[in-house]
Amino acid sequence: MHALLDTAGLAGASDAVRLAVLVLASRTPSETGVVEIRTSELGRWIGVSLSYMASDVVPGLRDSGVVEVETAEGEFGQDDGLECKVLPLWEAQSVLGHPLRLAKKEYATLKRLMEAVMGPGWKHRDGRVSPAGLLGTRTGRGAATDRLALLLLVLEARETGRVRLCGGSVDTKRGRAAVTLARLLGCTPAAAAGILGRLEERELVFRVRLRTGSGMSGRSRLMVPAVAAAHGRHVANGVQEDRTEDSEAEFSDPGVAAGPGEVPELDEEPQVSDGLKADGPGSSDPHVAAALHTDHPHVATPAAALSLSCGFSGEGRGGEDRRPERAYAREEQAAQGESLVVETGSPGAGEGPLRGEQPKKFPVHEQDGRRAAGADAGGQPKTAGWEKAQQQRRAGLPVDLGLRVVLGPVSWLWERLSGWQQDQVEAAVKTELGQLAGLGVTPEGAPRLLADRLTDRLAETGGEALVKKPFGWLIGRGLVRRPSCSDPRCDDGIRLDTGGDCENCWNVIHSRRSQRLRFAAQIDRELPALTDDERRRLLESRRREQAVIEAQDFVWRREQSRAAKAERAAARAAAAELAERERQVASAAEAERQVLPCEDCGQQRSGGLCEACGYRRRTEAMVVEAGMVAATWSADLTDAAEVAAVTDHVRASLAADITTAQGEFMAMAEPGELDQDPAGAASVLAFTALQTVQAALPEYRTSALGRLGRTKEAEAEANRAYRTEQKRRWFRHNPTGADAVAAATKAADKARERTAQYLLAVRLEQLREQAAARTEQSAPTPWTKRLAEIAARPLDGAANGAVIA
């Protein structure tokens with residue numbers, strides 16, 4: 001609350017705006033961070049009217065920069081609904097260790113506190129009525145200020161209902177309680193006194209003065225009875241409290257003088273900083289004195305009476321007429337085991353520290369430490385491992401930021417561990433962080449999640465002081481995940497990856513409830529005359545039997561799962577072994593193929609075909625393909641001689657183009673460069689020929705499609721498409737119009753193109769079949785067989801230049 005009110009944007013805001021921010025923060029959903037509320041409902045929470053909300057609160061929220069506000073207009077253009085995002089809470093969710101990074105249960109606690117203090121009260125649809133809070137009925141002028149004041153006092157109150165008052169000099173006219181409230185609210189003591197008066201009229205706070213033995217009023221106290229009642233205590237309302245004994249050991253007011261033997265806690269954290277001072281001069285409350293110095297506890301009765309003649313401070317030192325020894329001299333003697341006679345009678349004067357001092361280590365402790373370091377209780381020396389573990393102990397938390405965040409809630413337990421135990425706990429933390437990362441938790445959120453787990457475990461135990469064995473508690477309870485169901489992401493019913501409730505746990509609870517209802521219905525149907533006790537015992541018996549059956553089924557399913565898992569592992573191992581054998585066979589075959597000579601030129605270690613011969617084969621296949629494409633439109637396919645003549649003409653034309661391209665390449669080469677590497681030169685020239693044929697083949701194909709598109713078949717198909725398009729229903733009224741003619745022409749062109757492609761594919765297939773038949777009739781040589789195979793390949797691969805030898 002204080003961290004939110006100390007935001008820079010709320011420094012000059014009104015009390016209504018500040019209270020509205022706190023109400024929005026308490027109603028913020030932990031899942032989305034955005035609260036939706038009606039303007040009238042927010043006004044009921046802070047006790048102001050709808051017009052005041054529209055004129056002051058909503059604009060104040062926008063101007064503060066603390067709340068991002070989006071409004072929904074009502075029927076008359078007013079701000080009827082609010083969609084608010086409290087920016088400090090939103091930004092704190094991504095900052096580890098931030099005081100405003102609230103968990104879901106903290107949001108719930110904050111909401112319940114706000115409802116108890118200022119809830120407006122509701123009437124539910126089922127007739128139930130939720131009563132209003134302590135100030136839920138307080139509305140009108142100053143209502144927001146009174147509610148904010150009571151909320152701050154509740155937060156400052158202890159379990160006894162007592163509010164810690166400020167120290168130092170205060171305005172005596174207003175009193176210390178009013179000054180305390182003024183510093184909390186940031187107002188003047190006069191205004192705070194009026195607020196306290198209104199709260200006292202409603203009996204929400206009491207100002208009590210302790211009565212002294214002389215009958216005068218002692219120091220004052222400010223009590224909130226609702227807080228004491230929440231903790232099972234009662235605070236009586238009265239002007240004075242008849243108490244003359246010493247005050248409590250705990251001091252909420254650092255300005256209260258210490259009693260005999262008491263030390264006031266001056267190091268308590270102040271409630272506020274930069275609070276407003278009193279109106280008048282700095283005069284303190286006469287009933288509360290400032291803590292000037294501490295009264296020391298009385299020493300024991302002297303062992304022997306002292307006879308002082310003159311009362312000088314030097315007397316009582318004996319008859320040696322010496323100067324007094326320094327303070328630590330007698331302590332050194334006690335450390336050496338010398339017997340000292342303490343004349344003052346204080347039992348700790350020879351061993352303990354002097355009054356007002358606190359040495360780093362008592363001499364008697366030094367002896368105990370040396371004795372404990374060398375031997376155990378039985379006088380046996382400690383092992384070397386124990387000494388090493390004690391020497392390696394680290395008082396502070398680890399240097400790693402993630403480990404520091406995780407171990408922050410248990411820092412006191414960490415200091416109680418030995419060096420070896422600290423290493424084990426650190427390793428266990430790293431293991432848990434790795435498991436959280438495997439469950440989908442981000443690396444930034446995993447440490448905070450594990451720290452929240454330790455915090456919850458400590459709350460269950462009752463605090464660090466109740467942990468007797470820190471190492472065992474951390475390893476066996478604090479860091480251990482406790483799933484409430486079979487989901488590995490579940491921890492005490494919370495999903496580790498999302499932070500919300502575990503849906504599987506709800507399913508388990510629902511299943512158990514359904515099972516219980518089913519068994520109860522069966523018992524009522526079978527044995528309706530049973531008493532309640534007999535019915536309950538029979539129901540529990542059947543549930544136990546069902547639990548045994550489910551446990552046996554779980555064991556059977558687990559064994560089946562293990563067997564299936566083993567079978568899958570064996571199958572994977574067999575498949576991996578087979579793949580490895582196949583890889584070895586393929587590798588051996590490839591190694592044998594690499595040593596083979598070239599089939600065409602005989603070049604050694606060419607893998608059966610050298611690079612130049614591979615280019616030549618691909619070039620020859622494309623030349624044959626180009627001849628066939630040209631023959632599809634320029635020759636009679638049934639006349640073998642005419643087809644051969646066209647093919648030879650195409651071959652001669654491509655040969656001339658290849659010769660020209662190779663000549664241009666050789667002209668660009670340096671003199672003698674090709675003679676240095678004949679194999680490389682042959683490969684380059686073969687590749688040049690291949691590129692020339694690849695560039696010419698698409699031209700032959702385009703030319704063939706154009707010629708085939710002008711055949712009778714193509715023209716007839718185009719005419720049919722043209723007429724069909726004109727007869728469509730949207731052109732019936734004007735079949736000769738411009739739109740109809742354009743659409744019909746487009747349809748005819750597409751039909752002509754499709755027909756040409758079809759004719760080209762059919763005629764090429766016919767030519768390949770004829771070439772294959774001629775090859776089988778003649779005595780084929782290996783080279784002619786190869787040409788026949790190339791000629792029989794599909795057209796698409798050849799047209800794209802992707803024919804592979």
# chains A, B, ... in the order shown; residues from 1 in each chain; ligands from 1
>>> residues_around(residues="region 647-663 of chain A", least_positions_apart="2", cutoff="6 Å", atoms="only C-alpha atoms", output="number ranges by chain")
A: 627, 644-645, 665-666, 689
>>> select_by_dssp(residues="region 400-448 of chain A", states="helix (DSSP H, G or I)", output="PyMOL selection string")
chain A and resi 401-415+419-438+445-448
>>> write_last_selection(atoms="N, CA and C atoms", output="compact mmCIF listing (two decimals), in the first residue's frame")
# COMPACT_ATOMS: atom_id res chain seq x y z
N LEU A 401 22.60 -14.37 -9.43
CA LEU A 401 21.38 -13.61 -9.15
C LEU A 401 20.18 -14.53 -9.00
N GLY A 402 20.07 -15.55 -9.85
CA GLY A 402 18.94 -16.46 -9.73
C GLY A 402 18.93 -17.20 -8.41
N LEU A 403 20.10 -17.67 -7.95
CA LEU A 403 20.16 -18.36 -6.66
C LEU A 403 19.87 -17.41 -5.51
N ARG A 404 20.28 -16.16 -5.64
CA ARG A 404 19.99 -15.19 -4.57
C ARG A 404 18.49 -14.94 -4.46
N VAL A 405 17.82 -14.88 -5.60
CA VAL A 405 16.36 -14.67 -5.56
C VAL A 405 15.67 -15.88 -4.92
N VAL A 406 16.12 -17.08 -5.28
CA VAL A 406 15.49 -18.29 -4.75
C VAL A 406 15.70 -18.40 -3.25
N LEU A 407 16.93 -18.19 -2.78
CA LEU A 407 17.27 -18.40 -1.38
C LEU A 407 17.01 -17.18 -0.51
N GLY A 408 16.49 -16.11 -1.09
CA GLY A 408 16.19 -14.92 -0.29
C GLY A 408 15.24 -15.18 0.86
N PRO A 409 14.12 -15.90 0.65
CA PRO A 409 13.21 -16.13 1.78
C PRO A 409 13.78 -17.00 2.89
N VAL A 410 14.84 -17.75 2.63
CA VAL A 410 15.42 -18.66 3.64
C VAL A 410 16.86 -18.29 3.91
N SER A 411 17.18 -16.99 3.87
CA SER A 411 18.57 -16.57 4.07
C SER A 411 19.08 -16.95 5.46
N TRP A 412 18.22 -16.89 6.47
CA TRP A 412 18.67 -17.24 7.82
C TRP A 412 18.97 -18.73 7.90
N LEU A 413 18.18 -19.57 7.26
CA LEU A 413 18.48 -21.01 7.24
C LEU A 413 19.77 -21.28 6.48
N TRP A 414 20.03 -20.51 5.41
CA TRP A 414 21.26 -20.68 4.63
C TRP A 414 22.48 -20.43 5.51
N GLU A 415 22.42 -19.44 6.36
CA GLU A 415 23.57 -19.12 7.21
C GLU A 415 23.82 -20.22 8.25
N GLY A 419 29.39 -25.78 5.03
CA GLY A 419 29.82 -25.57 3.65
C GLY A 419 29.34 -26.67 2.72
N TRP A 420 29.44 -27.93 3.16
CA TRP A 420 29.00 -29.03 2.31
C TRP A 420 27.49 -28.97 2.10
N GLN A 421 26.74 -28.66 3.17
CA GLN A 421 25.30 -28.56 3.04
C GLN A 421 24.89 -27.43 2.10
N GLN A 422 25.60 -26.32 2.16
CA GLN A 422 25.30 -25.22 1.24
C GLN A 422 25.51 -25.64 -0.21
N ASP A 423 26.57 -26.39 -0.46
CA ASP A 423 26.81 -26.88 -1.83
C ASP A 423 25.68 -27.80 -2.29
N GLN A 424 25.22 -28.67 -1.39
CA GLN A 424 24.13 -29.57 -1.75
C GLN A 424 22.84 -28.82 -2.02
N VAL A 425 22.53 -27.84 -1.20
CA VAL A 425 21.32 -27.04 -1.41
C VAL A 425 21.41 -26.25 -2.71
N GLU A 426 22.60 -25.71 -2.99
CA GLU A 426 22.78 -24.97 -4.24
C GLU A 426 22.58 -25.88 -5.44
N ALA A 427 23.11 -27.11 -5.37
CA ALA A 427 22.91 -28.06 -6.47
C ALA A 427 21.43 -28.43 -6.61
N ALA A 428 20.74 -28.60 -5.48
CA ALA A 428 19.31 -28.93 -5.54
C ALA A 428 18.51 -27.79 -6.14
N VAL A 429 18.87 -26.55 -5.83
CA VAL A 429 18.18 -25.40 -6.42
C VAL A 429 18.39 -25.37 -7.93
N LYS A 430 19.62 -25.61 -8.38
CA LYS A 430 19.88 -25.62 -9.82
C LYS A 430 19.10 -26.74 -10.51
N THR A 431 18.99 -27.89 -9.85
CA THR A 431 18.21 -28.98 -10.44
C THR A 431 16.74 -28.59 -10.58
N GLU A 432 16.18 -27.98 -9.54
CA GLU A 432 14.78 -27.56 -9.61
C GLU A 432 14.58 -26.50 -10.68
N LEU A 433 15.53 -25.58 -10.81
CA LEU A 433 15.40 -24.56 -11.87
C LEU A 433 15.45 -25.20 -13.24
N GLY A 434 16.29 -26.22 -13.42
CA GLY A 434 16.32 -26.93 -14.69
C GLY A 434 15.00 -27.65 -14.98
N GLN A 435 14.40 -28.25 -13.95
CA GLN A 435 13.12 -28.91 -14.15
C GLN A 435 12.02 -27.91 -14.50
N LEU A 436 12.04 -26.74 -13.87
CA LEU A 436 11.05 -25.71 -14.21
C LEU A 436 11.23 -25.22 -15.63
N ALA A 437 12.48 -25.10 -16.07
CA ALA A 437 12.71 -24.69 -17.46
C ALA A 437 12.19 -25.75 -18.43
N GLY A 438 12.31 -27.03 -18.07
CA GLY A 438 11.78 -28.09 -18.92
C GLY A 438 10.27 -28.12 -18.96
N GLY A 445 11.31 -16.15 -14.83
CA GLY A 445 10.28 -16.40 -13.85
C GLY A 445 10.53 -17.61 -12.96
N ALA A 446 11.45 -18.50 -13.36
CA ALA A 446 11.70 -19.70 -12.57
C ALA A 446 12.24 -19.39 -11.17
N PRO A 447 13.25 -18.50 -10.99
CA PRO A 447 13.72 -18.21 -9.63
C PRO A 447 12.62 -17.64 -8.74
N ARG A 448 11.81 -16.73 -9.28
CA ARG A 448 10.74 -16.15 -8.47
C ARG A 448 9.71 -17.20 -8.09
>>> atom_distance(atom1="CA of Glu156 (chain A)", atom2="CA of Val117 (chain A)")
13.7 Å
>>> closest_residue(among="A:Ser51, A:Ser40, A:Thr711, A:Gln770", to="Ala756 (chain A)", atoms="only C-alpha atoms")
A:Thr711
>>> atom_distance(atom1="CA of Ala116 (chain A)", atom2="CA of Arg233 (chain A)")
17.2 Å
>>> atom_distance(atom1="CA of Gly440 (chain A)", atom2="CA of Phe554 (chain A)")
27.2 Å
>>> residues_around(residues="Ser49 (chain A)", least_positions_apart="5", cutoff="10 Å", atoms="only C-alpha atoms", output="list in words")
Thr39, Ser40, Leu42, Gly43, Arg44, Ala54, Thr139, Gly140 and Arg141 of chain A
>>> select_by_dssp(residues="region 83-189 of chain A", states="strand (DSSP E)", output="list in words")
Glu83, Cys84, Lys85, Val86, Trp122, Lys123, Val129, Ser130, Arg162 and Val163 of chain A
>>> residues_around(residues="Lys750 (chain A)", least_positions_apart="2", cutoff="12 Å", atoms="only C-alpha atoms", output="PyMOL selection string")
chain A and resi 709+714-715+717-722+725+743-748+752-757
>>> residues_around(residues="region 473-487 of chain A", least_positions_apart="2", cutoff="8 Å", atoms="only C-alpha atoms", output="ChimeraX atom specification")
/A:425,428-429,432,450,453-454,457-458,467,469-471,489-493,504-505,508
>>> closest_residue(among="A:Glu68, A:Lys105, A:Ala144, A:Arg710", to="Ser14 (chain A)", atoms="only C-alpha atoms")
A:Ala144
>>> closest_residue(among="A:Arg164, A:Lys85, A:Arg176, A:Arg27", to="Glu115 (chain A)", atoms="only C-alpha atoms")
A:Arg27
